[in-house]
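Coordinates from input.pdb are shown below (PDB, C-alpha atoms).
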```
ATOM      1  CA  GLY G   1       0.000   0.000   0.000
ATOM      2  CA  ALA G   2       0.849   3.663  -0.154
ATOM      3  CA  VAL G   3       3.411   4.940   2.331
ATOM      4  CA  VAL G   4       3.326   8.139   4.337
ATOM      5  CA  SER G   5       6.342   9.217   6.336
ATOM      6  CA  GLN G   6       6.795  11.798   9.054
ATOM      7  CA  HIS G   7       9.889  13.535  10.287
ATOM      8  CA  PRO G   8      10.978  13.733  12.972
ATOM      9  CA  SER G   9       9.521  10.736  14.778
ATOM     10  CA  TRP G  10      10.034  12.509  18.087
ATOM     11  CA  VAL G  11      11.187  15.917  19.203
ATOM     12  CA  ILE G  12      11.839  17.616  22.527
ATOM     13  CA  CYS G  13      11.943  21.385  22.635
ATOM     14  CA  LYS G  14      11.961  24.228  25.105
ATOM     15  CA  SER G  15       8.872  26.277  25.784
ATOM     16  CA  GLY G  16       8.608  29.219  23.420
ATOM     17  CA  THR G  17      10.410  27.646  20.503
ATOM     18  CA  SER G  18       8.909  26.561  17.196
ATOM     19  CA  VAL G  19       8.914  23.038  15.840
ATOM     20  CA  LYS G  20       8.342  21.905  12.268
ATOM     21  CA  ILE G  21       6.969  18.461  11.426
ATOM     22  CA  GLU G  22       7.106  17.104   7.885
ATOM     23  CA  CYS G  23       4.630  14.720   6.295
ATOM     24  CA  ARG G  24       5.505  13.082   2.982
ATOM     25  CA  SER G  25       3.636  10.736   0.693
ATOM     26  CA  LEU G  26       6.443   8.558  -0.614
ATOM     27  CA  ASP G  27       4.931   6.736  -3.549
ATOM     28  CA  PHE G  28       1.845   8.669  -4.488
ATOM     29  CA  GLN G  29       0.672  12.209  -4.927
ATOM     30  CA  ALA G  30      -1.705  13.635  -2.387
ATOM     31  CA  THR G  31      -3.661  16.782  -3.138
ATOM     32  CA  THR G  32      -5.071  16.655   0.363
ATOM     33  CA  MET G  33      -3.364  15.786   3.621
ATOM     34  CA  PHE G  34      -4.791  15.854   7.107
ATOM     35  CA  TRP G  35      -3.214  16.654  10.453
ATOM     36  CA  TYR G  36      -4.386  15.046  13.673
ATOM     37  CA  ARG G  37      -3.418  15.360  17.298
ATOM     38  CA  GLN G  38      -3.721  12.570  19.818
ATOM     39  CA  PHE G  39      -3.300  12.868  23.575
ATOM     40  CA  PRO G  40      -2.483   9.786  25.675
ATOM     41  CA  LYS G  41      -5.304   7.253  25.892
ATOM     42  CA  GLN G  42      -7.496   9.417  23.689
ATOM     43  CA  SER G  43      -8.717   9.243  20.132
ATOM     44  CA  LEU G  44      -7.351  11.161  17.173
ATOM     45  CA  MET G  45      -8.655  14.687  16.774
ATOM     46  CA  LEU G  46      -8.550  16.320  13.380
ATOM     47  CA  MET G  47      -6.741  19.641  13.487
ATOM     48  CA  ALA G  48      -6.761  20.754   9.872
ATOM     49  CA  THR G  49      -7.080  19.767   6.260
ATOM     50  CA  SER G  50      -4.115  20.688   4.116
ATOM     51  CA  ASN G  51      -4.676  21.336   0.423
ATOM     52  CA  GLU G  52      -1.812  21.596  -2.029
ATOM     53  CA  GLY G  53      -1.353  25.128  -3.234
ATOM     54  CA  SER G  54      -3.983  26.700  -0.998
ATOM     55  CA  LYS G  55      -4.606  27.622   2.590
ATOM     56  CA  ALA G  56      -5.351  24.938   5.101
ATOM     57  CA  THR G  57      -8.806  24.533   6.593
ATOM     58  CA  TYR G  58      -8.712  24.415  10.374
ATOM     59  CA  GLU G  59     -11.168  22.684  12.653
ATOM     60  CA  GLN G  60     -13.044  24.690  15.215
ATOM     61  CA  GLY G  61     -10.921  25.505  18.218
ATOM     62  CA  VAL G  62      -7.569  25.037  16.465
ATOM     63  CA  GLU G  63      -5.499  28.221  16.321
ATOM     64  CA  LYS G  64      -4.306  28.718  12.766
ATOM     65  CA  ASP G  65      -1.637  31.206  13.852
ATOM     66  CA  LYS G  66      -0.189  28.701  16.269
ATOM     67  CA  PHE G  67      -0.314  25.653  14.038
ATOM     68  CA  LEU G  68       1.005  26.778  10.670
ATOM     69  CA  ILE G  69       0.400  24.382   7.815
ATOM     70  CA  ASN G  70       2.094  24.526   4.437
ATOM     71  CA  HIS G  71       1.346  22.175   1.570
ATOM     72  CA  ALA G  72       3.813  23.276  -1.057
ATOM     73  CA  SER G  73       3.833  20.169  -3.200
ATOM     74  CA  LEU G  74       1.783  17.075  -3.897
ATOM     75  CA  THR G  75       4.033  14.997  -1.673
ATOM     76  CA  LEU G  76       4.867  17.273   1.233
ATOM     77  CA  SER G  77       2.909  19.034   3.955
ATOM     78  CA  THR G  78       4.447  20.648   7.000
ATOM     79  CA  LEU G  79       3.013  21.539  10.387
ATOM     80  CA  THR G  80       4.817  24.163  12.427
ATOM     81  CA  VAL G  81       3.944  24.508  16.079
ATOM     82  CA  THR G  82       4.867  28.084  16.884
ATOM     83  CA  SER G  83       5.833  29.253  20.357
ATOM     84  CA  ALA G  84       5.254  25.801  21.737
ATOM     85  CA  HIS G  85       4.112  25.334  25.315
ATOM     86  CA  PRO G  86       3.920  22.209  27.476
ATOM     87  CA  GLU G  87       0.212  21.828  26.732
ATOM     88  CA  ASP G  88       1.124  21.370  23.061
ATOM     89  CA  SER G  89       2.934  18.155  23.955
ATOM     90  CA  SER G  90       1.129  15.463  22.047
ATOM     91  CA  PHE G  91       1.335  12.871  19.285
ATOM     92  CA  TYR G  92       0.871  14.505  15.897
ATOM     93  CA  ILE G  93      -0.199  12.314  12.987
ATOM     94  CA  CYS G  94      -0.717  13.155   9.345
ATOM     95  CA  SER G  95      -2.639  11.262   6.709
ATOM     96  CA  ALA G  96      -3.065  11.410   2.975
ATOM     97  CA  SER G  97      -5.471   9.958   0.494
ATOM     98  CA  SER G  98      -4.134   8.084  -2.471
ATOM     99  CA  GLY G  99      -7.227   8.986  -4.428
ATOM    100  CA  GLY G 100      -8.132   5.373  -4.923
ATOM    101  CA  LEU G 101     -11.624   4.033  -5.452
ATOM    102  CA  TYR G 102     -12.510   3.993  -1.769
ATOM    103  CA  ASN G 103     -10.543   7.057  -0.669
ATOM    104  CA  GLU G 104      -8.495   5.047   1.733
ATOM    105  CA  GLN G 105      -6.447   7.336   3.913
ATOM    106  CA  PHE G 106      -2.895   6.335   4.738
ATOM    107  CA  PHE G 107      -1.472   7.526   7.998
ATOM    108  CA  GLY G 108       2.044   8.480   8.874
ATOM    109  CA  PRO G 109       3.812   6.930  11.859
ATOM    110  CA  GLY G 110       3.291  10.021  13.970
ATOM    111  CA  THR G 111       5.564  12.533  15.693
ATOM    112  CA  ARG G 112       5.840  12.680  19.463
ATOM    113  CA  LEU G 113       6.302  16.298  20.573
ATOM    114  CA  THR G 114       7.419  17.036  24.112
ATOM    115  CA  VAL G 115       7.651  20.653  25.183
ATOM    116  CA  LEU G 116       9.626  21.268  28.351
TER     117      LEU G 116
ATOM    118  CA  LEU B   1     -20.543  12.740   9.317
ATOM    119  CA  ALA B   2     -22.321   9.885  11.072
ATOM    120  CA  LYS B   3     -21.394   9.295  14.684
ATOM    121  CA  THR B   4     -20.238   5.871  15.704
ATOM    122  CA  THR B   5     -20.507   3.963  18.963
ATOM    123  CA  GLN B   6     -18.228   1.099  19.923
ATOM    124  CA  PRO B   7     -17.443  -0.793  23.114
ATOM    125  CA  ILE B   8     -14.634   0.922  24.982
ATOM    126  CA  SER B   9     -12.704  -2.279  25.548
ATOM    127  CA  MET B  10     -12.724  -6.015  24.915
ATOM    128  CA  ASP B  11     -10.611  -8.945  26.035
ATOM    129  CA  SER B  12     -10.119 -12.206  24.197
ATOM    130  CA  TYR B  13      -7.877 -15.241  24.364
ATOM    131  CA  GLU B  14      -5.394 -16.146  21.699
ATOM    132  CA  GLY B  15      -6.731 -18.280  18.891
ATOM    133  CA  GLN B  16     -10.320 -17.146  19.265
ATOM    134  CA  GLU B  17     -12.406 -15.196  16.804
ATOM    135  CA  VAL B  18     -13.124 -11.650  17.901
ATOM    136  CA  ASN B  19     -16.116  -9.647  16.768
ATOM    137  CA  ILE B  20     -16.262  -5.914  17.401
ATOM    138  CA  THR B  21     -19.583  -4.244  16.661
ATOM    139  CA  CYS B  22     -20.026  -0.597  15.784
ATOM    140  CA  SER B  23     -23.311   1.309  15.742
ATOM    141  CA  HIS B  24     -23.872   4.077  13.208
ATOM    142  CA  ASN B  25     -27.573   4.810  13.250
ATOM    143  CA  ASN B  26     -27.321   7.988  11.188
ATOM    144  CA  ILE B  27     -25.300   6.558   8.331
ATOM    145  CA  ALA B  28     -26.032   8.278   5.016
ATOM    146  CA  THR B  29     -26.627   6.683   1.656
ATOM    147  CA  ASN B  30     -23.189   7.643   0.325
ATOM    148  CA  ASP B  31     -21.320   6.608   3.474
ATOM    149  CA  TYR B  32     -18.848   3.762   3.536
ATOM    150  CA  ILE B  33     -17.735   2.001   6.699
ATOM    151  CA  THR B  34     -14.029   1.794   7.395
ATOM    152  CA  TRP B  35     -12.067   0.172  10.186
ATOM    153  CA  TYR B  36      -8.595   1.170  11.304
ATOM    154  CA  GLN B  37      -6.170  -0.440  13.743
ATOM    155  CA  GLN B  38      -3.785   1.563  15.892
ATOM    156  CA  PHE B  39      -0.869   0.339  17.963
ATOM    157  CA  PRO B  40       0.611   2.564  20.693
ATOM    158  CA  SER B  41       2.682   5.439  19.358
ATOM    159  CA  GLN B  42       1.879   4.585  15.744
ATOM    160  CA  GLY B  43      -0.455   5.985  13.140
ATOM    161  CA  PRO B  44      -3.675   4.119  12.376
ATOM    162  CA  ARG B  45      -3.529   1.368   9.793
ATOM    163  CA  PHE B  46      -6.357   0.610   7.372
ATOM    164  CA  ILE B  47      -7.944  -2.781   7.960
ATOM    165  CA  ILE B  48     -11.048  -3.057   5.845
ATOM    166  CA  GLN B  49     -13.802  -1.051   4.219
ATOM    167  CA  GLY B  50     -17.279  -1.862   2.976
ATOM    168  CA  TYR B  51     -20.651  -0.536   1.980
ATOM    169  CA  LYS B  52     -23.038  -3.442   2.501
ATOM    170  CA  THR B  53     -23.283  -7.191   3.103
ATOM    171  CA  LYS B  54     -19.899  -8.809   3.663
ATOM    172  CA  VAL B  55     -16.348  -7.930   2.779
ATOM    173  CA  THR B  56     -13.362 -10.147   3.443
ATOM    174  CA  ASN B  57      -9.662  -9.615   3.022
ATOM    175  CA  GLU B  58      -6.556 -11.359   4.247
ATOM    176  CA  VAL B  59      -6.797  -9.998   7.774
ATOM    177  CA  ALA B  60     -10.475  -9.499   8.604
ATOM    178  CA  SER B  61     -14.095  -9.695   7.590
ATOM    179  CA  LEU B  62     -16.669  -6.947   7.769
ATOM    180  CA  PHE B  63     -20.341  -7.770   8.168
ATOM    181  CA  ILE B  64     -22.918  -5.103   7.404
ATOM    182  CA  PRO B  65     -26.653  -5.808   7.788
ATOM    183  CA  ALA B  66     -29.191  -4.615   5.284
ATOM    184  CA  ASP B  67     -30.139  -1.481   7.243
ATOM    185  CA  ARG B  68     -26.435  -0.540   7.542
ATOM    186  CA  LYS B  69     -27.003   0.925  11.005
ATOM    187  CA  SER B  70     -24.278  -1.237  12.428
ATOM    188  CA  SER B  71     -21.262  -3.204  11.317
ATOM    189  CA  THR B  72     -19.136  -5.953  12.801
ATOM    190  CA  LEU B  73     -15.423  -6.370  12.356
ATOM    191  CA  SER B  74     -14.419  -9.999  12.654
ATOM    192  CA  LEU B  75     -10.830 -10.981  13.377
ATOM    193  CA  PRO B  76     -10.212 -14.711  12.935
ATOM    194  CA  ARG B  77      -7.921 -16.558  15.339
ATOM    195  CA  VAL B  78      -6.421 -13.558  17.072
ATOM    196  CA  SER B  79      -2.872 -13.490  18.383
ATOM    197  CA  LEU B  80      -1.093 -11.302  20.912
ATOM    198  CA  SER B  81      -0.029  -8.983  18.106
ATOM    199  CA  ASP B  82      -3.662  -8.073  17.505
ATOM    200  CA  THR B  83      -3.738  -6.157  20.786
ATOM    201  CA  ALA B  84      -4.539  -2.624  19.640
ATOM    202  CA  VAL B  85      -7.236   0.004  19.427
ATOM    203  CA  TYR B  86      -9.752  -0.507  16.636
ATOM    204  CA  TYR B  87     -11.647   2.430  15.184
ATOM    205  CA  CYS B  88     -14.851   2.293  13.198
ATOM    206  CA  LEU B  89     -15.514   5.261  10.946
ATOM    207  CA  VAL B  90     -18.209   6.159   8.486
ATOM    208  CA  GLY B  91     -17.911   8.829   5.878
ATOM    209  CA  ASP B  92     -18.819   9.900   2.398
ATOM    210  CA  MET B  93     -16.463   8.107   0.081
ATOM    211  CA  ASP B  94     -18.162   9.192  -3.118
ATOM    212  CA  ILE B  95     -15.502   9.095  -5.790
ATOM    213  CA  SER B  96     -16.253  12.672  -6.820
ATOM    214  CA  ASN B  97     -15.191  13.799  -3.364
ATOM    215  CA  PHE B  98     -12.152  11.611  -2.999
ATOM    216  CA  GLY B  99      -9.189  12.964  -1.217
ATOM    217  CA  ASN B 100     -11.221  15.533   0.670
ATOM    218  CA  GLU B 101     -13.220  13.426   3.065
ATOM    219  CA  LYS B 102     -12.602  14.249   6.692
ATOM    220  CA  LEU B 103     -12.424  11.321   9.060
ATOM    221  CA  THR B 104     -13.944  11.653  12.505
ATOM    222  CA  PHE B 105     -12.517   9.175  14.952
ATOM    223  CA  GLY B 106     -14.663   7.960  17.825
ATOM    224  CA  THR B 107     -13.368   6.483  21.035
ATOM    225  CA  GLY B 108     -12.366   3.195  19.442
ATOM    226  CA  THR B 109     -12.294  -0.247  21.044
ATOM    227  CA  ARG B 110      -9.227  -1.237  22.995
ATOM    228  CA  LEU B 111      -8.766  -4.940  22.285
ATOM    229  CA  THR B 112      -6.534  -6.902  24.603
ATOM    230  CA  ILE B 113      -5.493 -10.436  23.667
ATOM    231  CA  ILE B 114      -4.741 -12.701  26.588
ATOM    232  CA  PRO B 115      -2.196 -15.516  26.240
TER     233      PRO B 115
END
```
Would you kindly transcribe this structure into structure tokens?
Amino acid sequence: GAVVSQHPSWVICKSGTSVKIECRSLDFQATTMFWYRQFPKQSLMLMATSNEGSKATYEQGVEKDKFLINHASLTLSTLTVTSAHPEDSSFYICSASSGGLYNEQFFGPGTRLTVL
Amino acid sequence: LAKTTQPISMDSYEGQEVNITCSHNNIATNDYITWYQQFPSQGPRFIIQGYKTKVTNEVASLFIPADRKSSTLSLPRVSLSDTAVYYCLVGDMDISNFGNEKLTFGTGTRLTIIP
């Protein structure tokens, strides 16, 4: 099946710094990618929908100025957590659709962010 | 998007068949039913998808009754490696909308396989 990668797999940063997470579709082109956040023992929560060449669509309650999303190409979307704080510590997961018959979404392995 | 309801947790012994049922009373005509598996600290992995009746692949079967208000994921002869959280999702998978469908994850079912 299609492969989605994320980099880095984990990151630790100081409060107030910015962190960039990359999401790549390795063997297919994805016009749309999605970003999720997952806290321990909880389900995935959709943060935003990232569309290639246009602005991302954020879910209600997600600060677009804090979570900057760029989808510059059909294989790469980035999520930048600006001025990170400890409450932003979470597991961030991206997904992409291969555009197949059943719109199966392929998920990346996730990025564990820890803000000290 | 239709809301789904699943049991929070289930336990089963190795070698048994496990059936996880999901309720989706408000499923729409264009909605497909999809199941994902998630291991700790990993992204979800697609298991199976269907629209009606029965779908089977190399890892699972999906049973959907005629009214489509529920679905059952069946895992044959489970092993310890099947311990994971299983999510049932429904969403519009109309081909004209592909690539743009948002997935709403419910609580999922935490399946624990006992040796």
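CA of Gly50 (chain B) sits 5.4 Å away from CA of Ile33 (chain B).
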Requested in this report: On this file, the PyMOL selection byres ((chain G and resi 20-33) around 7) gives some set of residues; write that set as number ranges by chain.
Outcome: G: 2-8, 18-19, 34-35, 49-52, 74-81, 94-98; B: 99-100
Residues from the last selection, C-alpha atoms, saved as a PDB file, in the frame of the given file:
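result_28.pdb, written as the output of this step:
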```pdb
ATOM      1  CA  ALA G   2       0.849   3.663  -0.154  1.00  0.00           C
ATOM      2  CA  VAL G   3       3.411   4.940   2.331  1.00  0.00           C
ATOM      3  CA  VAL G   4       3.326   8.139   4.337  1.00  0.00           C
ATOM      4  CA  SER G   5       6.342   9.217   6.336  1.00  0.00           C
ATOM      5  CA  GLN G   6       6.795  11.798   9.054  1.00  0.00           C
ATOM      6  CA  HIS G   7       9.889  13.535  10.287  1.00  0.00           C
ATOM      7  CA  PRO G   8      10.978  13.733  12.972  1.00  0.00           C
ATOM      8  CA  SER G  18       8.909  26.561  17.196  1.00  0.00           C
ATOM      9  CA  VAL G  19       8.914  23.038  15.840  1.00  0.00           C
ATOM     10  CA  PHE G  34      -4.791  15.854   7.107  1.00  0.00           C
ATOM     11  CA  TRP G  35      -3.214  16.654  10.453  1.00  0.00           C
ATOM     12  CA  THR G  49      -7.080  19.767   6.260  1.00  0.00           C
ATOM     13  CA  SER G  50      -4.115  20.688   4.116  1.00  0.00           C
ATOM     14  CA  ASN G  51      -4.676  21.336   0.423  1.00  0.00           C
ATOM     15  CA  GLU G  52      -1.812  21.596  -2.029  1.00  0.00           C
ATOM     16  CA  LEU G  74       1.783  17.075  -3.897  1.00  0.00           C
ATOM     17  CA  THR G  75       4.033  14.997  -1.673  1.00  0.00           C
ATOM     18  CA  LEU G  76       4.867  17.273   1.233  1.00  0.00           C
ATOM     19  CA  SER G  77       2.909  19.034   3.955  1.00  0.00           C
ATOM     20  CA  THR G  78       4.447  20.648   7.000  1.00  0.00           C
ATOM     21  CA  LEU G  79       3.013  21.539  10.387  1.00  0.00           C
ATOM     22  CA  THR G  80       4.817  24.163  12.427  1.00  0.00           C
ATOM     23  CA  VAL G  81       3.944  24.508  16.079  1.00  0.00           C
ATOM     24  CA  CYS G  94      -0.717  13.155   9.345  1.00  0.00           C
ATOM     25  CA  SER G  95      -2.639  11.262   6.709  1.00  0.00           C
ATOM     26  CA  ALA G  96      -3.065  11.410   2.975  1.00  0.00           C
ATOM     27  CA  SER G  97      -5.471   9.958   0.494  1.00  0.00           C
ATOM     28  CA  SER G  98      -4.134   8.084  -2.471  1.00  0.00           C
TER      29      SER G  98
ATOM     30  CA  GLY B  99      -9.189  12.964  -1.217  1.00  0.00           C
ATOM     31  CA  ASN B 100     -11.221  15.533   0.670  1.00  0.00           C
TER      32      ASN B 100
END
```
Query raised in the report: What residues in chain B have any atom no more than 12 Å from chain G when counting all atoms listed in the file, and can you write them as an MDAnalysis selection string?
Result: chainID B and resid 8 30:51 84:110
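With only C-alpha atoms as the basis for measurement, B:Thr53 is the residue among B:Met10, B:Pro115, B:Thr53, B:Lys3 that approaches Ser71 (chain B) most closely.
Of note, CA of Thr4 (chain B) and CA of Thr56 (chain B) are spaced 21.3 Å apart.
The coordinates place CA of Val59 (chain B) at 7.8 Å from CA of Pro76 (chain B).
Ranking B:Cys22, B:Val78, B:Ile64, B:Val55 by their shortest atom-to-atom distance to Leu111 (chain B), with only C-alpha atoms included, puts B:Val78 first.
Remark: for Thr114 (chain G), the closest of the candidate residues G:Ser54, G:Gln60, G:Ser73, G:Ser15 is G:Ser15 (distances computed over only C-alpha atoms).
Contact shell of Asp11 (chain B) at 10 Å (all atoms listed in the file; same-chain neighbours under 5 positions omitted): Val18, Thr83, Arg110, Leu111, Thr112, Ile113 and Ile114 of chain B.
Applied to the file shown here, the PyMOL selection byres ((chain B and resi 62) around 6) selects the residues Lys54, Val55, Ser61, Phe63, Thr72 and Leu73 of chain B.
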Can you report as AutoDock Vina command-line options the centre and edge lengths in Å, to one decimal, of an axis-aligned box around the listed atoms of region 52-64 of chain B padded with 6 Å on each side?
```
--center_x -14.9 --center_y -7.4 --center_z 5.6 --size_x 28.7 --size_y 19.9 --size_z 18.1
```
Query raised in the report: Which residues, written as a PyMOL selection string, have at least one atom at most 12 Å from Ser83 (chain G), with only C-alpha atoms counted and residues fewer than 5 positions away on the same chain left out?
Result: chain G and resi 13-20+65-68+88+115-116
